[in-house]
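Undergrad: Below you'll find model15.tsv; it's TSV, C-alpha atoms and all ligand atoms.
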chain	number	residue	atom	x	y	z
A	201	MET	CA	0.00	0.00	0.00
A	202	ALA	CA	1.42	3.35	-1.00
A	203	SER	CA	1.64	6.10	1.60
A	204	PRO	CA	-0.92	8.91	1.17
A	205	ASP	CA	1.62	11.42	-0.09
A	206	THR	CA	2.79	9.14	-2.89
A	207	ASP	CA	1.45	9.79	-6.36
A	208	THR	CA	-0.37	6.70	-7.54
A	209	PHE	CA	-2.52	5.42	-10.35
A	210	LEU	CA	-4.87	2.50	-10.62
A	211	ARG	CA	-6.86	0.79	-13.31
A	212	LEU	CA	-10.52	1.01	-12.23
A	213	THR	CA	-11.96	-1.18	-14.97
A	214	SER	CA	-10.91	-4.79	-15.31
A	215	ALA	CA	-8.86	-5.82	-18.31
A	216	GLY	CA	-10.88	-6.28	-21.47
A	217	SER	CA	-14.12	-5.34	-19.73
A	218	GLY	CA	-15.30	-3.01	-22.45
A	219	GLY	CA	-14.48	-0.34	-24.98
A	220	ILE	CA	-13.34	2.19	-22.40
A	221	ALA	CA	-10.80	1.86	-19.62
A	222	VAL	CA	-10.85	4.14	-16.60
A	223	VAL	CA	-7.55	4.96	-14.91
A	224	ALA	CA	-7.53	6.95	-11.67
A	225	ILE	CA	-4.59	9.29	-11.11
A	226	LEU	CA	-4.17	10.28	-7.47
A	227	GLY	CA	-1.93	12.44	-5.35
A	228	VAL	CA	-0.38	15.90	-5.14
A	229	GLY	CA	1.26	15.42	-8.54
A	230	ALA	CA	-1.98	14.43	-10.31
A	231	GLU	CA	-2.93	17.96	-11.36
A	232	ARG	CA	0.56	18.65	-12.66
A	233	PHE	CA	0.43	15.43	-14.68
A	234	VAL	CA	-2.92	16.34	-16.26
A	235	ALA	CA	-1.72	19.88	-17.05
A	236	ALA	CA	1.41	18.56	-18.75
A	237	HIS	CA	0.07	15.56	-20.64
A	238	PHE	CA	-3.56	16.35	-21.47
A	239	SER	CA	-4.51	18.84	-24.18
A	240	GLY	CA	-8.04	19.43	-22.85
A	241	GLY	CA	-6.92	21.51	-19.86
A	242	VAL	CA	-7.29	20.80	-16.15
A	243	PRO	CA	-10.97	20.39	-15.22
A	244	ILE	CA	-12.39	21.80	-12.00
A	245	VAL	CA	-13.91	19.36	-9.48
A	246	GLY	CA	-16.93	17.52	-10.86
A	247	LYS	CA	-16.25	18.65	-14.41
A	248	VAL	CA	-15.20	16.79	-17.51
A	249	ARG	CA	-12.79	17.73	-20.29
A	250	VAL	CA	-12.10	16.03	-23.61
A	251	GLY	CA	-8.72	16.17	-25.30
A	252	GLU	CA	-5.66	14.14	-26.16
A	253	ILE	CA	-3.38	12.45	-23.67
A	254	SER	CA	0.24	12.40	-24.75
A	255	SER	CA	3.66	11.19	-23.74
A	256	ASP	CA	6.47	13.72	-24.15
A	257	SER	CA	6.74	12.93	-27.83
A	258	GLU	CA	3.40	11.67	-29.13
A	259	VAL	CA	-0.36	11.38	-28.72
A	260	ILE	CA	-1.41	8.23	-26.83
A	261	ASP	CA	-5.19	8.49	-27.28
A	262	THR	CA	-8.21	10.76	-27.18
A	263	ALA	CA	-9.24	10.92	-23.55
A	264	VAL	CA	-11.99	12.11	-21.26
A	265	VAL	CA	-10.68	13.47	-17.98
A	266	VAL	CA	-12.99	13.77	-14.98
A	267	ARG	CA	-11.92	15.48	-11.79
A	268	ARG	CA	-13.27	13.81	-8.64
A	269	ASP	CA	-11.54	16.05	-6.10
A	270	LYS	CA	-8.46	18.21	-5.71
A	271	MET	CA	-6.04	15.34	-5.99
A	272	ALA	CA	-8.08	12.73	-7.87
A	273	PHE	CA	-8.63	12.50	-11.61
A	274	GLU	CA	-10.09	9.82	-13.80
A	275	VAL	CA	-8.81	9.33	-17.30
A	276	CYS	CA	-11.05	7.42	-19.71
A	277	VAL	CA	-9.24	6.06	-22.75
A	278	HIS	CA	-9.89	3.28	-25.24
A	279	SER	CA	-9.35	-0.09	-23.61
A	280	SER	CA	-6.52	-1.27	-25.84
A	281	PRO	CA	-3.38	-2.92	-24.45
A	282	ALA	CA	-1.16	-0.54	-26.45
A	283	VAL	CA	-2.87	2.58	-25.08
A	284	LEU	CA	-2.90	1.32	-21.50
A	285	SER	CA	0.70	0.15	-21.42
A	286	GLU	CA	1.85	3.47	-22.92
A	287	LEU	CA	-0.18	5.43	-20.35
A	288	SER	CA	1.30	3.28	-17.53
A	289	ARG	CA	4.78	3.82	-18.91
A	290	VAL	CA	4.38	7.61	-18.96
A	291	LEU	CA	2.82	7.71	-15.47
A	292	THR	CA	5.55	5.47	-14.04
A	293	GLY	CA	8.16	7.69	-15.71
A	294	GLN	CA	6.65	10.68	-13.88
A	295	GLY	CA	7.02	8.94	-10.51
A	296	PHE	CA	3.49	7.53	-10.15
A	297	ALA	CA	3.27	4.11	-8.54
A	298	GLU	CA	0.66	1.65	-9.79
A	299	THR	CA	-1.62	0.40	-7.01
A	300	SER	CA	-4.08	-2.43	-6.82
A	301	PRO	CA	-7.78	-1.72	-7.34
A	302	SER	CA	-8.66	-4.08	-4.46
A	303	ASP	CA	-9.43	-1.16	-2.16
A	304	PRO	CA	-10.46	1.85	-4.25
A	305	PRO	CA	-11.35	5.00	-2.32
A	306	ALA	CA	-15.05	5.63	-1.68
A	307	VAL	CA	-15.06	8.41	-4.24
A	308	TYR	CA	-14.95	5.66	-6.91
A	309	ALA	CA	-18.33	4.06	-6.17
A	310	ASP	CA	-19.39	4.97	-9.72
A	311	GLU	CA	-16.35	3.34	-11.27
A	312	ALA	CA	-18.05	0.25	-12.70
A	313	PHE	CA	-20.77	2.41	-14.22
A	314	LEU	CA	-18.35	4.69	-16.05
A	315	GLY	CA	-16.26	1.71	-17.11
A	316	SER	CA	-19.24	0.33	-19.02
A	317	ALA	CA	-19.22	3.31	-21.41
A	318	PRO	CA	-18.99	1.95	-24.95
A	319	THR	CA	-17.53	5.13	-26.47
A	320	LEU	CA	-15.80	8.29	-25.29
A	321	ARG	CA	-18.86	10.43	-26.02
A	322	ALA	CA	-20.90	8.00	-23.93
A	323	ALA	CA	-18.28	8.33	-21.17
A	324	VAL	CA	-18.74	12.12	-21.18
A	325	LEU	CA	-22.54	11.81	-20.94
A	326	MET	CA	-22.32	9.06	-18.32
A	327	SER	CA	-19.82	10.95	-16.17
A	328	ARG	CA	-22.49	13.63	-15.67
A	329	ALA	CA	-25.13	11.05	-14.80
A	330	THR	CA	-23.52	8.58	-12.41
A	331	PRO	CA	-25.65	6.67	-9.88
A	332	SER	CA	-24.43	8.99	-7.10
A	333	ARG	CA	-25.36	12.09	-9.13
A	334	TRP	CA	-28.86	10.68	-9.57
A	335	ARG	CA	-29.15	10.10	-5.82
A	336	VAL	CA	-28.43	13.81	-5.32
A	337	ILE	CA	-31.00	14.87	-7.94
A	338	ALA	CA	-33.68	12.65	-6.41
A	339	ALA	CA	-32.93	14.10	-2.99
A	340	GLU	CA	-33.35	17.62	-4.48
A	341	TRP	CA	-36.72	16.71	-5.99
A	342	LEU	CA	-37.76	15.14	-2.73
A	343	SER	CA	-36.90	18.28	-0.81
A	344	LEU	CA	-38.91	20.44	-3.27
A	345	LEU	CA	-41.82	18.12	-2.58
A	346	LYS	CA	-41.44	18.40	1.17
A	347	HIS	CA	-41.00	22.17	1.18
A	348	GLY	CA	-44.20	23.04	-0.60
A	349	GLU	CA	-42.65	23.50	-4.04
A	350	ARG	CA	-43.97	20.31	-5.57
A	351	GLY	CA	-45.22	22.22	-8.62
A	352	ARG	CA	-41.62	22.39	-9.84
A	353	VAL	CA	-41.14	18.62	-9.75
A	354	PRO	CA	-43.22	17.49	-12.78
A	355	LEU	CA	-41.37	19.75	-15.23
A	356	ALA	CA	-37.95	18.60	-14.01
A	357	VAL	CA	-39.08	14.97	-14.17
A	358	ALA	CA	-40.54	15.39	-17.68
A	359	LYS	CA	-37.25	16.89	-18.87
A	360	ALA	CA	-35.31	13.94	-17.46
A	361	ALA	CA	-37.79	11.42	-18.91
A	362	GLY	CA	-37.27	13.02	-22.33
A	363	LEU	CA	-33.61	11.98	-22.16
A	364	ILE	CA	-34.34	8.27	-21.56
A	365	PRO	CA	-34.15	7.38	-25.30
A	366	LEU	CA	-30.53	8.56	-25.26
A	367	SER	CA	-29.63	6.16	-22.48
A	368	ARG	CA	-31.32	3.34	-24.41
A	369	LEU	CA	-29.24	4.20	-27.50
A	370	ILE	CA	-26.09	3.82	-25.41
A	371	GLU	CA	-27.10	0.85	-23.27
A	372	ALA	CA	-28.78	-1.20	-26.04
A	373	PRO	CA	-27.13	-0.02	-29.25
A	374	PRO	CA	-29.30	-0.39	-32.36
A	375	LEU	CA	-28.52	-3.02	-34.97
A	376	VAL	CA	-28.00	-2.03	-38.59
A	377	VAL	CA	-28.33	-4.93	-41.04
A	378	ILE	CA	-26.83	-4.73	-44.50
A	379	ALA	CA	-29.03	-6.80	-46.80
A	380	GLY	CA	-29.06	-7.44	-50.52
A	381	ALA	CA	-28.38	-9.87	-53.33
A	382	PRO	CA	-25.14	-11.89	-53.45
A	383	ASN	CA	-22.23	-9.85	-54.77
A	384	ALA	CA	-23.98	-6.51	-54.24
A	385	GLY	CA	-21.00	-5.42	-52.14
A	386	LYS	CA	-22.44	-5.99	-48.66
A	387	SER	CA	-19.17	-7.17	-47.13
A	388	THR	CA	-17.25	-4.34	-48.80
A	389	LEU	CA	-19.71	-1.79	-47.39
A	390	PHE	CA	-19.58	-3.47	-43.97
A	391	ASN	CA	-15.79	-3.12	-43.93
A	392	VAL	CA	-15.84	0.45	-45.11
A	393	LEU	CA	-18.44	1.45	-42.50
A	394	LEU	CA	-16.37	-0.18	-39.77
A	395	GLY	CA	-13.27	1.49	-41.10
A	396	TRP	CA	-11.27	-1.68	-41.20
A	397	LYS	CA	-11.20	-5.04	-42.92
A	398	ARG	CA	-13.09	-7.78	-41.11
A	399	THR	CA	-15.12	-9.94	-43.48
A	400	ALA	CA	-14.16	-11.91	-46.55
A	401	VAL	CA	-14.77	-9.94	-49.74
A	402	SER	CA	-14.76	-11.97	-52.90
A	403	PRO	CA	-15.91	-11.65	-56.52
A	404	ARG	CA	-17.53	-15.09	-56.12
A	405	PRO	CA	-21.15	-14.78	-54.95
A	406	GLY	CA	-21.92	-16.22	-51.52
A	407	THR	CA	-18.43	-16.11	-50.06
A	408	THR	CA	-19.40	-14.91	-46.62
A	409	HIS	CA	-21.36	-17.66	-44.93
A	410	ASP	CA	-21.64	-16.65	-41.30
A	411	ALA	CA	-23.63	-13.82	-39.80
A	412	ILE	CA	-21.11	-11.22	-38.74
A	413	GLU	CA	-21.65	-8.45	-36.29
A	414	GLU	CA	-19.34	-5.70	-35.09
A	415	THR	CA	-19.87	-2.53	-33.12
A	416	THR	CA	-18.90	0.78	-34.64
A	417	GLU	CA	-19.47	4.43	-33.76
A	418	LEU	CA	-21.77	6.95	-35.36
A	419	ARG	CA	-21.52	10.50	-34.00
A	420	GLY	CA	-19.87	8.99	-30.95
A	421	PHE	CA	-22.75	6.58	-30.25
A	422	PRO	CA	-22.36	2.80	-30.48
A	423	VAL	CA	-24.06	1.05	-33.38
A	424	ARG	CA	-24.03	-2.68	-34.10
A	425	LEU	CA	-23.46	-3.43	-37.74
A	426	SER	CA	-24.33	-6.76	-39.32
A	427	ASP	CA	-23.27	-8.22	-42.66
A	428	SER	CA	-26.17	-10.51	-43.52
A	429	PRO	CA	-24.80	-13.20	-45.83
A	430	GLY	CA	-27.92	-15.31	-45.28
A	431	LEU	CA	-29.93	-12.83	-47.28
A	432	GLY	CA	-30.01	-14.04	-50.83
A	433	TRP	CA	-27.09	-16.42	-50.50
A	434	GLY	CA	-27.78	-19.28	-52.94
A	435	GLY	CA	-31.25	-20.71	-53.41
A	436	ASP	CA	-34.32	-18.60	-53.55
A	437	PHE	CA	-33.83	-15.02	-52.39
A	438	ALA	CA	-37.35	-14.43	-51.15
A	439	GLN	CA	-37.52	-17.73	-49.29
A	440	LEU	CA	-34.21	-17.16	-47.56
A	441	LEU	CA	-35.34	-13.70	-46.66
A	442	HIS	CA	-38.30	-15.10	-44.82
A	443	ARG	CA	-36.54	-18.04	-43.22
A	444	GLU	CA	-33.01	-17.33	-42.03
A	445	ALA	CA	-32.72	-13.59	-42.01
A	446	ASP	CA	-36.20	-12.82	-40.80
A	447	ARG	CA	-34.98	-13.34	-37.26
A	448	THR	CA	-32.15	-10.85	-37.67
A	449	MET	CA	-34.37	-8.32	-39.40
A	450	LYS	CA	-36.77	-8.24	-36.48
A	451	ASN	CA	-33.91	-7.21	-34.21
A	452	ALA	CA	-32.76	-4.56	-36.60
A	453	GLY	CA	-32.99	-0.88	-35.87
A	454	LEU	CA	-32.45	-0.31	-39.56
A	455	VAL	CA	-31.92	-2.29	-42.74
A	456	ILE	CA	-29.71	-1.00	-45.52
A	457	GLU	CA	-30.89	-2.61	-48.72
A	458	LEU	CA	-27.91	-2.66	-51.01
A	459	ILE	CA	-28.63	-2.74	-54.73
A	460	ASP	CA	-25.91	-3.59	-57.23
A	461	ALA	CA	-26.05	-0.75	-59.77
A	462	THR	CA	-24.20	-2.91	-62.29
A	463	SER	CA	-26.88	-5.62	-62.16
A	464	PRO	CA	-29.90	-4.35	-60.23
A	465	ALA	CA	-32.16	-7.16	-59.02
A	466	SER	CA	-35.83	-6.62	-59.61
A	467	LEU	CA	-36.80	-7.88	-56.18
A	468	ARG	CA	-37.04	-5.30	-53.42
A	469	LEU	CA	-37.04	-6.00	-49.70
A	470	ASN	CA	-40.17	-5.46	-47.74
A	471	SER	CA	-38.72	-4.69	-44.35
A	472	PRO	CA	-40.65	-4.48	-41.09
A	473	VAL	CA	-38.19	-1.89	-39.77
A	474	SER	CA	-36.79	1.40	-41.09
A	475	MET	CA	-34.92	1.03	-44.32
A	476	ILE	CA	-32.39	2.92	-46.40
A	477	ARG	CA	-32.03	1.87	-50.02
A	478	ALA	CA	-28.47	2.32	-51.28
A	479	HIS	CA	-27.23	1.77	-54.83
A	480	ASN	CA	-23.68	0.43	-54.72
A	481	LYS	CA	-20.96	0.28	-57.40
A	482	ILE	CA	-22.08	3.65	-58.71
A	483	ASP	CA	-18.53	4.02	-60.07
A	484	ALA	CA	-19.23	1.19	-62.52
A	485	ALA	CA	-22.96	1.79	-63.17
A	486	PRO	CA	-24.17	2.04	-66.77
A	487	SER	CA	-24.47	5.65	-67.98
A	488	GLY	CA	-27.91	7.06	-67.36
A	489	TYR	CA	-28.42	4.90	-64.25
A	490	VAL	CA	-31.16	6.57	-62.23
A	491	VAL	CA	-31.20	6.68	-58.42
A	492	PRO	CA	-34.63	7.66	-57.07
A	493	PRO	CA	-34.57	10.88	-55.00
A	494	ALA	CA	-35.14	9.23	-51.59
A	495	GLU	CA	-32.39	6.69	-52.22
A	496	ILE	CA	-28.62	7.05	-52.11
A	497	ALA	CA	-25.79	6.19	-54.51
A	498	VAL	CA	-22.47	4.95	-53.09
A	499	SER	CA	-19.30	3.19	-54.05
A	500	ALA	CA	-18.21	0.99	-51.19
A	501	LEU	CA	-15.05	0.09	-53.07
A	502	ARG	CA	-13.96	3.72	-53.60
A	503	GLY	CA	-15.50	5.13	-50.42
A	504	GLU	CA	-17.70	7.50	-52.42
A	505	ASN	CA	-20.63	9.04	-50.55
A	506	ILE	CA	-20.01	6.84	-47.49
A	507	GLY	CA	-19.97	9.90	-45.22
A	508	ALA	CA	-23.44	10.84	-46.46
A	509	LEU	CA	-24.65	7.27	-45.90
A	510	ARG	CA	-23.30	7.30	-42.33
A	511	GLU	CA	-25.12	10.59	-41.67
A	512	ARG	CA	-28.34	9.17	-43.06
A	513	ILE	CA	-28.04	6.06	-40.88
A	514	ALA	CA	-27.45	8.24	-37.82
A	515	ASP	CA	-30.48	10.41	-38.68
A	516	VAL	CA	-32.79	7.41	-39.07
A	517	LEU	CA	-31.56	5.98	-35.75
A	518	CYS	CA	-32.16	9.40	-34.08
A	519	ILE	CA	-28.55	9.68	-32.94
A	520	PRO	CA	-28.05	13.26	-31.79
A	521	ASP	CA	-25.70	15.62	-33.54
A	522	GLU	CA	-22.10	15.78	-32.28
A	523	LYS	CA	-22.73	19.40	-31.27
A	524	ASP	CA	-25.57	18.48	-28.89
A	525	ASP	CA	-23.94	18.54	-25.49
A	526	PHE	CA	-26.75	17.39	-23.13
A	527	ALA	CA	-25.51	19.17	-20.03
A	528	ASP	CA	-28.50	17.76	-18.10
A	529	PRO	CA	-27.90	14.32	-16.64
A	530	ILE	CA	-29.32	11.45	-18.68
A	531	PRO	CA	-31.12	8.69	-16.76
A	532	PHE	CA	-29.08	5.51	-17.28
A	533	GLY	CA	-29.86	2.03	-15.99
A	534	CYS	CA	-31.92	2.00	-12.78
A	535	ALA	CA	-32.27	5.78	-12.96
A	536	ALA	CA	-34.16	5.36	-16.27
A	537	THR	CA	-36.57	2.89	-14.67
A	538	LEU	CA	-37.18	5.16	-11.73
A	539	VAL	CA	-37.49	8.37	-13.78
A	540	ALA	CA	-40.02	6.60	-16.02
A	541	GLY	CA	-41.92	5.49	-12.91
A	542	VAL	CA	-41.88	8.97	-11.35
A	543	PHE	CA	-42.92	10.51	-14.67
A	544	ALA	CA	-45.92	8.15	-14.92
A	545	ALA	CA	-46.88	9.04	-11.35
A	546	THR	CA	-46.67	12.79	-12.10
A	547	GLN	CA	-49.05	12.23	-15.03
A	548	SER	CA	-51.65	10.77	-12.70
A	549	GLY	CA	-50.84	13.11	-9.81
A	550	ASP	CA	-50.07	10.21	-7.49
A	551	TRP	CA	-48.01	12.17	-4.95
A	552	PRO	CA	-47.54	9.41	-2.35
A	553	ARG	CA	-46.16	7.17	-5.10
A	554	ILE	CA	-43.86	9.97	-6.33
A	555	GLU	CA	-42.54	10.43	-2.82
A	556	THR	CA	-41.87	6.71	-2.34
A	557	LEU	CA	-40.09	6.42	-5.70
A	558	LEU	CA	-37.95	9.50	-5.07
A	559	ALA	CA	-37.01	8.21	-1.62
A	560	VAL	CA	-35.85	4.91	-3.15
A	561	PHE	CA	-34.00	6.80	-5.82
A	562	ALA	CA	-32.30	9.00	-3.23
A	563	GLY	CA	-31.29	5.93	-1.26
A	564	GLN	CA	-33.58	6.96	1.60
A	565	GLY	CA	-36.31	4.35	1.37
A	566	GLU	CA	-37.51	1.02	0.09
A	567	LEU	CA	-39.95	0.20	-2.67
A	568	LYS	CA	-43.30	-0.87	-1.26
B	1	LIG	N1	-16.85	-1.46	-58.96
B	1	LIG	C1	-17.21	-1.73	-57.72
B	1	LIG	N2	-17.10	-2.96	-57.22
B	1	LIG	C2	-17.48	-3.20	-55.94
B	1	LIG	C3	-18.00	-2.16	-55.13
B	1	LIG	N3	-18.30	-2.70	-53.93
B	1	LIG	C4	-17.99	-4.01	-53.99
B	1	LIG	N4	-17.47	-4.32	-55.20
B	1	LIG	C5	-17.00	-5.64	-55.66
B	1	LIG	O1	-18.09	-6.53	-55.74
B	1	LIG	C6	-17.65	-7.86	-55.41
B	1	LIG	C7	-18.55	-8.45	-54.33
B	1	LIG	O2	-18.33	-7.73	-53.13
B	1	LIG	P1	-18.74	-8.34	-51.70
B	1	LIG	O3	-18.57	-7.23	-50.74
B	1	LIG	O4	-18.06	-9.63	-51.46
B	1	LIG	O5	-20.30	-8.62	-51.96
B	1	LIG	P2	-21.37	-9.40	-51.03
B	1	LIG	O6	-21.54	-10.75	-51.61
B	1	LIG	O7	-22.64	-8.61	-51.16
B	1	LIG	O8	-20.84	-9.41	-49.64
B	1	LIG	C8	-16.18	-7.73	-55.00
B	1	LIG	O9	-15.38	-8.06	-56.11
B	1	LIG	C9	-16.05	-6.26	-54.66
B	1	LIG	O10	-14.73	-5.79	-54.83
B	1	LIG	C10	-18.10	-0.83	-55.69
B	1	LIG	O11	-18.53	0.12	-55.06
B	1	LIG	N5	-17.70	-0.69	-56.99
B	2	MG	MG	-20.40	-10.94	-48.37
Written as structure tokens, that's how I'd like the structure from this file.

TA:
Amino acid sequence: MASPDTDTFLRLTSAGSGGIAVVAILGVGAERFVAAHFSGGVPIVGKVRVGEISSDSEVIDTAVVVRRDKMAFEVCVHSSPAVLSELSRVLTGQGFAETSPSDPPAVYADEAFLGSAPTLRAAVLMSRATPSRWRVIAAEWLSLLKHGERGRVPLAVAKAAGLIPLSRLIEAPPLVVIAGAPNAGKSTLFNVLLGWKRTAVSPRPGTTHDAIEETTELRGFPVRLSDSPGLGWGGDFAQLLHREADRTMKNAGLVIELIDATSPASLRLNSPVSMIRAHNKIDAAPSGYVVPPAEIAVSALRGENIGALRERIADVLCIPDEKDDFADPIPFGCAATLVAGVFAATQSGDWPRIETLLAVFAGQGELK
């Protein structure tokens, strides 16, 4: 155990637990370290900054830095071994000793919550809406109720309830299925949307046999992307559509129907969920090829118009613009359940119920 005046750091999230790793940096030297190695500036207590964390010579990663108290910071970075070992190396070089997370200080009660953030933008939003923050908000609402200002509660609750869809987007990321005839370029598009090569791309129809799913980011929100080889692979397209892929389609937040502009199939999908129709291989399409106004032309191979397709996907999934900051805390997890419950009770004016729920929320009572 390090003595209290030693600068220390500890990994708050377990190895490989998710997309984001949280590293606490503690001690009198913590502020100096953040000032010297983080481009986002030193946050004040309770505040969050986004920037780049660097060694003396190069950028290690984009990071979110949260300040818990005068001598305690949390750095959220991508949970990759390369990033974490480089960060450890720099910290150790600056005289910080790594400690074990077996006995984290009480200030880190929200650690597991923040560590479940799938993206850095999610980490920013979640750092303002930790379980302990929600306990404070509930206690505030409860005190309004008890001090004759209950008229102010429903508006505050309605505002919070309006943010629940954002927590759902982060906690249960929507699935985007790429569907279409064999050879339409589904795997190529899948790779290009992910930004790296993952699936087998081949000029031979039906090369990709297994359903493949990866998580990517759109506007900083997590999105699951699926290459659906089952759709139209061999046999009868329509039959396969109903049998194998039907299951996947029902889970989809959105289907991208990919049409090969060099040999457009006459059959069109009839999807039970939102759909974007994209015409691929526009680089090689016959002259005079017409793309209907509501549809989009892309070249997965050349990366043409992929940015516009990403934006359209994000719009259909209601992912908020990067510029939307959401300074108000979003109800995540249990807070979402309770906010929804309190909101329903405000609608019916059930004040005893509201009081009970808020007391539970604030950690001052039990659900009856
Ligand atoms: N010219 C052109 N060829 C493409 C494009 N996208 C994919 N292809 C080619 O089409 C073939 C089939 O691609 P693939 O992604 O395996 O199709 P899938 O069967 O739908 O998964 C490959 O030879 C790709 O290189 C494109 O935008 N333009
Ligand atoms: Mg494929």

Undergrad: As a ChimeraX atom specification, please: the residues near Ala322 of chain A (cut-off 9 Å, all atoms listed in the file, same-chain neighbours under 3 positions excluded).

TA: /A:314,317-319,325-327,370,420-422

Undergrad: Do you know which residues are at most 12 Å from Ala356 of chain A counting all atoms listed in the file, after dropping those on the same chain fewer than 2 positions away, and could you put them as a PyMOL selection string?

TA: chain A and resi 337-338+340-342+344+350-354+358-363+528-529+539+542-543+546

Undergrad: What is the distance, in Å and to one decimal place, between atom CA of Glu555 of chain A and atom CA of Arg333 of chain A?

TA: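 Interatomic distance here is 18.4 Å.
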
Undergrad: For a cut-off of 10 Å around (-11.8, 14.1, -6.5), file coordinates, pick out all residues using only C-alpha atoms and list them as a list in words.

TA: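 It turns out the residues near that spot are Ala224, Ile225, Leu226, Ile244, Val245, Gly246, Val266, Arg267, Arg268, Asp269, Lys270, Met271, Ala272, Phe273, Glu274, Val307 and Tyr308 of chain A.
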
Undergrad: Using all atoms listed in the file, pick whichever of A:Val455, A:Val222, A:Ile506, A:Val498 has the shortest atom-to-atom distance to ligand LIG 1 (chain B).

TA: A:Val498

Undergrad: Rank nothing, just name the residue among A:Leu509, A:Glu286, A:Gly563, A:Ala527 nearest to Val259 of chain A, using only C-alpha atoms.

TA: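 Looking only at the distances to Val259 of chain A, the closest residue turns out to be A:Glu286.
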
Undergrad: Quick one: distance from atom CA of Gly315 of chain A to atom CA of Val223 of chain A in Å, one decimal?

TA: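 A separation of 9.6 Å between them.
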
Undergrad: So what do you get for atom CA of Ile513 of chain A versus atom CA of Ile378 of chain A, distance-wise?

TA: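 Computing the Euclidean distance for atom CA of Ile513 of chain A and atom CA of Ile378 of chain A yields 11.4 Å.
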
Undergrad: Compare A:Ala514, A:Leu389, A:Leu454, A:Ala508 by their minimum atom-to-atom distance to ligand LIG 1 (chain B), counting all atoms listed in the file, and give me the closest one.

TA: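 Of A:Ala514, A:Leu389, A:Leu454, A:Ala508, the one nearest ligand LIG 1 (chain B), counting all atoms listed in the file, is A:Leu389.
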
Undergrad: Nearest to ligand LIG 1 (chain B): which of A:Val491, A:Val516, A:Leu557, A:Ile412 is it, counting all atoms listed in the file?

TA: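 The shortest atom-to-atom distance to ligand LIG 1 (chain B) comes from A:Ile412.
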
Undergrad: Enclose all atoms of ligand LIG 1 (chain B) listed in the file in an axis-aligned box, grow every side by 3 Å, and hand back centre and edge lengths in Å to one decimal, as AutoDock Vina command-line options.

TA:
--center_x -18.7 --center_y -5.3 --center_z -54.3 --size_x 13.9 --size_y 16.9 --size_z 15.3

Undergrad: Can you pull out the residues contacting segment 480-482 of chain A? Cut-off 10 Å, using all atoms listed in the file, and skip same-chain residues under 4 positions away; I want them as JSON, numbers by chain.

TA: {"A": [384, 385, 386, 388, 389, 457, 458, 459, 460, 461, 462, 463, 464, 486, 487, 489, 491, 496, 497, 498, 499, 500, 501, 502, 504, 505]}

Undergrad: At a cut-off of 12 Å, using only C-alpha atoms, what residues contact Arg553 of chain A? Leave out same-chain residues fewer than 4 positions from it and give the result as a VMD selection string.

TA: chain A and resid 342 538 541 to 549 557 to 560 566 to 568

Undergrad: Between A:Leu366, A:Ala381, A:Val324, A:Val357, which has the minimum distance to ligand MG 2 (chain B) (counting only C-alpha atoms and all ligand atoms)?

TA: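 Using only C-alpha atoms and all ligand atoms, ligand MG 2 (chain B) sits closest to A:Ala381.
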
Undergrad: Could you please fill out segment 283-293 of chain A with N, CA and C atoms and send it back as a JSON list (two decimals), keeping the file's coordinate frame?

TA:
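Below is the file result_1.json, written as the result:
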[["chain", "number", "residue", "atom", "x", "y", "z"],
["A", 283, "VAL", "N", -2.58, 1.30, -25.73],
["A", 283, "VAL", "CA", -2.87, 2.58, -25.08],
["A", 283, "VAL", "C", -2.57, 2.50, -23.58],
["A", 284, "LEU", "N", -3.05, 1.44, -22.95],
["A", 284, "LEU", "CA", -2.90, 1.32, -21.50],
["A", 284, "LEU", "C", -1.44, 1.13, -21.08],
["A", 285, "SER", "N", -0.69, 0.35, -21.84],
["A", 285, "SER", "CA", 0.70, 0.15, -21.42],
["A", 285, "SER", "C", 1.49, 1.44, -21.65],
["A", 286, "GLU", "N", 1.15, 2.20, -22.69],
["A", 286, "GLU", "CA", 1.85, 3.47, -22.92],
["A", 286, "GLU", "C", 1.52, 4.48, -21.81],
["A", 287, "LEU", "N", 0.24, 4.52, -21.43],
["A", 287, "LEU", "CA", -0.18, 5.43, -20.35],
["A", 287, "LEU", "C", 0.53, 5.06, -19.04],
["A", 288, "SER", "N", 0.59, 3.74, -18.74],
["A", 288, "SER", "CA", 1.30, 3.28, -17.53],
["A", 288, "SER", "C", 2.76, 3.68, -17.58],
["A", 289, "ARG", "N", 3.36, 3.52, -18.76],
["A", 289, "ARG", "CA", 4.78, 3.82, -18.91],
["A", 289, "ARG", "C", 5.04, 5.30, -18.60],
["A", 290, "VAL", "N", 4.19, 6.17, -19.16],
["A", 290, "VAL", "CA", 4.38, 7.61, -18.96],
["A", 290, "VAL", "C", 4.17, 7.98, -17.48],
["A", 291, "LEU", "N", 3.10, 7.41, -16.88],
["A", 291, "LEU", "CA", 2.82, 7.71, -15.47],
["A", 291, "LEU", "C", 3.98, 7.24, -14.57],
["A", 292, "THR", "N", 4.44, 6.01, -14.83],
["A", 292, "THR", "CA", 5.55, 5.47, -14.04],
["A", 292, "THR", "C", 6.79, 6.36, -14.20],
["A", 293, "GLY", "N", 7.03, 6.80, -15.43],
["A", 293, "GLY", "CA", 8.16, 7.69, -15.71],
["A", 293, "GLY", "C", 8.08, 9.00, -14.94]]
